[in-house]
file query-v2.cif (mmCIF, C-alpha atoms)
data_work
#
loop_
_atom_site.label_atom_id
_atom_site.label_comp_id
_atom_site.auth_asym_id
_atom_site.auth_seq_id
_atom_site.Cartn_x
_atom_site.Cartn_y
_atom_site.Cartn_z
CA MET A 1 73.16 5.92 -22.62
CA SER A 2 72.96 5.75 -18.85
CA ASP A 3 70.18 8.38 -18.95
CA ALA A 4 68.07 6.19 -21.27
CA ASP A 5 68.36 3.08 -19.07
CA PRO A 6 66.35 4.50 -16.11
CA GLU A 7 63.50 5.43 -18.47
CA ARG A 8 63.63 2.02 -20.09
CA ASN A 9 63.60 0.33 -16.68
CA SER A 10 60.72 2.56 -15.64
CA PHE A 11 58.72 1.59 -18.77
CA GLU A 12 59.52 -2.09 -18.23
CA ASP A 13 58.44 -1.81 -14.59
CA VAL A 14 55.14 -0.21 -15.60
CA ALA A 15 54.54 -2.86 -18.29
CA ARG A 16 55.36 -5.62 -15.81
CA ALA A 17 53.01 -4.09 -13.19
CA LEU A 18 50.21 -3.88 -15.76
CA ALA A 19 50.73 -7.50 -16.79
CA ASP A 20 50.64 -8.56 -13.12
CA GLU A 21 47.41 -6.61 -12.57
CA VAL A 22 45.78 -8.17 -15.64
CA SER A 23 46.83 -11.62 -14.39
CA ARG A 24 45.30 -10.95 -10.96
CA ALA A 25 42.07 -9.68 -12.59
CA ILE A 26 41.82 -12.84 -14.68
CA GLU A 27 42.36 -14.95 -11.57
CA ARG A 28 39.58 -13.07 -9.75
CA LEU A 29 37.25 -13.56 -12.72
CA SER A 30 37.95 -17.28 -12.73
CA GLU A 31 36.98 -17.44 -9.04
CA ILE A 32 33.47 -16.04 -9.68
CA ASP A 33 30.83 -18.61 -8.90
CA LEU A 34 28.54 -18.53 -11.93
CA ASP A 35 26.10 -20.88 -10.21
CA GLU A 36 25.69 -18.35 -7.41
CA ILE A 37 25.00 -15.58 -9.92
CA ALA A 38 22.48 -17.78 -11.74
CA LEU A 39 20.80 -18.60 -8.43
CA ALA A 40 20.52 -14.90 -7.54
CA ALA A 41 19.08 -14.09 -10.97
CA SER A 42 16.61 -16.96 -10.60
CA ALA A 43 15.53 -15.63 -7.20
CA GLU A 44 14.87 -12.18 -8.69
CA GLY A 45 12.92 -13.78 -11.53
CA GLU A 46 10.85 -15.76 -9.03
CA ARG A 47 10.18 -12.58 -7.04
CA ALA A 48 9.00 -10.82 -10.23
CA ARG A 49 6.78 -13.80 -11.08
CA ARG A 50 5.21 -13.70 -7.61
CA TRP A 51 4.60 -9.95 -7.97
CA ILE A 52 2.87 -10.47 -11.33
CA ASP A 53 0.81 -13.35 -9.91
CA ASP A 54 -0.27 -11.12 -7.00
CA LEU A 55 -1.15 -8.35 -9.44
CA GLY A 56 -3.24 -10.78 -11.50
CA ARG A 57 -5.10 -11.95 -8.39
CA TRP A 58 -5.72 -8.34 -7.39
CA LEU A 59 -7.00 -7.47 -10.86
CA ARG A 60 -9.33 -10.48 -10.85
CA GLU A 61 -10.58 -9.40 -7.44
CA GLN A 62 -11.25 -5.89 -8.75
CA GLY A 63 -13.20 -7.31 -11.68
CA ASP A 64 -15.28 -9.46 -9.34
CA ALA A 65 -15.77 -6.68 -6.79
CA THR A 66 -16.98 -4.07 -9.28
CA GLY A 67 -19.38 -6.42 -11.07
CA ASP A 68 -21.22 -4.24 -13.57
CA ALA A 69 -20.36 -0.92 -11.89
CA PRO A 70 -18.41 1.50 -14.05
CA PHE A 71 -14.65 1.71 -13.46
CA GLY A 72 -14.77 5.25 -12.11
CA SER A 73 -17.54 4.72 -9.58
CA GLY A 74 -15.99 7.32 -7.28
CA GLU A 75 -16.00 5.18 -4.16
CA ALA A 76 -12.93 4.24 -2.20
CA ARG A 77 -12.49 0.50 -2.32
CA GLU A 78 -10.87 -1.64 0.33
CA HIS A 79 -8.88 -4.59 -0.93
CA GLY A 80 -8.14 -7.76 0.95
CA PRO A 81 -6.24 -10.79 -0.15
CA ALA A 82 -7.82 -12.71 -3.00
CA PRO A 83 -9.34 -16.06 -2.03
CA ALA A 84 -7.32 -19.05 -3.14
CA ASP A 85 -10.23 -20.59 -5.08
CA ARG A 86 -12.34 -18.03 -6.89
CA SER A 87 -15.10 -19.59 -8.95
CA THR A 88 -16.33 -17.86 -12.11
CA ARG A 89 -19.05 -20.38 -13.05
CA GLY A 90 -21.95 -17.89 -12.90
CA ARG A 91 -20.34 -15.60 -15.50
CA PRO A 92 -20.77 -16.01 -19.26
CA THR A 93 -17.60 -17.39 -20.82
CA GLY A 94 -17.31 -14.60 -23.44
CA GLU A 95 -17.27 -11.80 -20.84
CA ASP A 96 -13.89 -10.37 -19.84
CA PRO A 97 -13.74 -10.56 -16.02
CA LEU A 98 -11.04 -7.86 -15.92
CA ARG A 99 -12.69 -5.25 -18.13
CA HIS A 100 -13.47 -2.95 -15.18
CA ALA A 101 -10.39 -3.83 -13.14
CA GLY A 102 -7.45 -1.58 -12.66
CA PRO A 103 -5.74 0.61 -10.13
CA HIS A 104 -7.71 3.66 -9.15
CA PRO A 105 -6.66 6.87 -7.35
CA LEU A 106 -9.47 6.33 -4.84
CA ASP A 107 -8.28 2.85 -3.82
CA LEU A 108 -7.65 2.34 -0.12
CA PRO A 109 -3.89 1.81 0.26
CA THR A 110 -2.65 -1.56 1.42
CA ALA A 111 -0.54 -1.68 4.58
CA ASP A 112 2.71 -1.48 2.58
CA GLN A 113 1.38 1.34 0.39
CA GLY A 114 0.14 3.28 3.43
CA LEU A 115 3.47 2.91 5.19
CA ALA A 116 5.27 4.04 2.04
CA LEU A 117 3.02 7.08 1.66
CA ALA A 118 3.57 8.03 5.30
CA ALA A 119 7.35 7.58 5.04
CA LEU A 120 7.48 9.59 1.80
CA ASP A 121 5.34 12.33 3.33
CA SER A 122 7.66 12.58 6.33
CA GLY A 123 10.79 12.54 4.18
CA ARG A 124 12.09 9.34 5.78
CA TRP A 125 11.92 7.55 2.42
CA ARG A 126 12.68 9.04 -0.99
CA VAL A 127 12.80 7.86 -4.55
CA GLU A 128 16.46 7.73 -5.48
CA PRO A 129 17.23 10.13 -8.36
CA GLY A 130 17.50 8.32 -11.67
CA THR A 131 15.80 5.19 -10.33
CA SER A 132 12.35 3.91 -9.51
CA ALA A 133 13.27 2.54 -6.11
CA LEU A 134 12.53 3.77 -2.62
CA ALA A 135 15.47 4.31 -0.29
CA VAL A 136 15.65 5.09 3.42
CA HIS A 137 16.91 8.54 4.40
CA GLY A 138 16.80 8.44 8.16
CA GLU A 139 16.10 5.86 10.79
CA GLY A 140 13.69 2.98 10.66
CA PRO A 141 13.08 0.00 8.45
CA GLY A 142 13.13 0.21 4.68
CA PRO A 143 10.45 -0.82 2.22
CA SER A 144 9.78 -4.50 1.68
CA ASP A 145 9.38 -4.11 -2.10
CA ALA A 146 11.02 -0.83 -3.11
CA LEU A 147 10.37 -1.15 -6.87
CA GLY A 148 6.88 -2.62 -6.65
CA LEU A 149 5.62 0.05 -4.26
CA VAL A 150 6.78 2.86 -6.53
CA ARG A 151 5.02 1.25 -9.50
CA GLU A 152 1.83 0.69 -7.49
CA MET A 153 1.74 4.29 -6.26
CA ARG A 154 2.50 5.78 -9.68
CA VAL A 155 -0.26 3.85 -11.49
CA ARG A 156 -2.75 5.16 -8.95
CA ASP A 157 -1.45 8.73 -9.45
CA TRP A 158 -0.37 8.89 -5.82
CA MET A 159 3.20 9.75 -6.78
CA THR A 160 4.79 11.87 -9.50
CA ALA A 161 7.63 10.67 -11.71
CA ASP A 162 9.96 12.67 -9.44
CA GLY A 163 8.84 10.76 -6.36
CA GLU A 164 6.66 13.50 -4.87
CA ILE A 165 3.30 12.63 -3.31
CA THR A 166 0.37 14.04 -5.29
CA LEU A 167 -2.87 15.43 -3.88
CA ALA A 168 -4.50 12.06 -4.64
CA GLY A 169 -1.64 10.40 -2.73
CA ARG A 170 -2.15 12.64 0.29
CA ASN A 171 -5.87 11.84 0.21
CA ALA A 172 -5.06 8.11 -0.03
CA LEU A 173 -2.78 8.47 3.00
CA ARG A 174 -5.60 10.20 4.89
CA ARG A 175 -8.05 7.39 3.95
CA TRP A 176 -5.51 4.80 5.11
CA LEU A 177 -4.93 6.60 8.43
CA ASP A 178 -8.69 6.99 8.95
CA ALA A 179 -9.23 3.27 8.27
CA ALA A 180 -6.46 2.43 10.75
CA ASP A 181 -8.14 4.62 13.38
CA ARG A 182 -11.45 2.82 12.84
CA ALA A 183 -9.85 -0.60 13.14
#

call {"tool": "encode", "arguments": {"input": "query-v2.cif", "output": "structure tokens"}}
result
Amino acid sequence: MSDADPERNSFEDVARALADEVSRAIERLSEIDLDEIALAASAEGERARRWIDDLGRWLREQGDATGDAPFGSGEAREHGPAPADRSTRGRPTGEDPLRHAGPHPLDLPTADQGLALAALDSGRWRVEPGTSALAVHGEGPGPSDALGLVREMRVRDWMTADGEITLAGRNALRRWLDAADRA
């Protein structure tokens, strides 16, 4: 019977240790600030809303800039910030102002897109495997909007699903560098 007691004590010790660990885990869970989590989620939602608003402004700008020109006009277009008050009074109300708008492989990259293309080309930034986010692999600052930049470059066919720069992406980088040299 003395041989069974050490095993029984060992089992009781393990059960007691597990119960203590569960108690500590419950205490840690009760210390979580749900308001802080809600605030963080709200901030991410606000950031997504701002991104969509910016995209809408950009699309409206594309519709206004192309006028009646076909979508694939073949010219590189330079985009600036959309004016705060864009009037559409001269346009018939039944016409869709965004019918010709959309990202195009021949767009001139924005500053963030150009920096991302250059960093991807040099290998300083990469798309993390299994994600759609840019990550820094080396020295220097990281992207300001890691998810948004990947989406923007993919819809313009500047980047493959694997995060590699396409020929159109390399040409966009060259246009961006040429525009920076002219400025």

call {"tool": "residues_around", "arguments": {"input": "query-v2.cif", "residues": "region 160-170 of chain A", "least_positions_apart": "4", "cutoff": "8 Å", "atoms": "only C-alpha atoms", "output": "JSON, numbers by chain"}}
result
{"A": [105, 106, 117, 120, 121, 126, 127, 129, 153, 154, 174]}

call {"tool": "atom_distance", "arguments": {"input": "query-v2.cif", "atom1": "CA of Arg50 (chain A)", "atom2": "CA of Arg151 (chain A)"}}
result
15.1 Å

call {"tool": "atom_distance", "arguments": {"input": "query-v2.cif", "atom1": "CA of Leu147 (chain A)", "atom2": "CA of Thr131 (chain A)"}}
result
9.0 Å

call {"tool": "residues_near_point", "arguments": {"input": "query-v2.cif", "point": "(1.6, 9.2, 6.1)", "cutoff": "12 Å", "atoms": "all atoms listed in the file", "output": "list in words"}}
result
Pro109, Ala111, Asp112, Gln113, Gly114, Leu115, Ala116, Leu117, Ala118, Ala119, Leu120, Asp121, Ser122, Gly123, Arg124, Trp125, Ile165, Gly169, Arg170, Asn171, Ala172, Leu173, Arg174, Arg175, Trp176, Leu177, Asp178 and Ala180 of chain A

call {"tool": "closest_residue", "arguments": {"input": "query-v2.cif", "among": "A:Leu134, A:Leu59, A:Leu108, A:Val150", "to": "Ala179 (chain A)", "atoms": "all atoms listed in the file"}}
result
A:Leu108

call {"tool": "atom_distance", "arguments": {"input": "query-v2.cif", "atom1": "CA of Glu61 (chain A)", "atom2": "CA of Glu44 (chain A)"}}
result
25.6 Å

call {"tool": "residues_around", "arguments": {"input": "query-v2.cif", "residues": "Gly102 (chain A)", "least_positions_apart": "4", "cutoff": "10 Å", "atoms": "all atoms listed in the file", "output": "PyMOL selection string"}}
result
chain A and resi 55+58-63+71+98+107+155-156

call {"tool": "closest_residue", "arguments": {"input": "query-v2.cif", "among": "A:Glu36, A:Ser10, A:Pro141, A:Pro103", "to": "Gly56 (chain A)", "atoms": "all atoms listed in the file"}}
result
A:Pro103
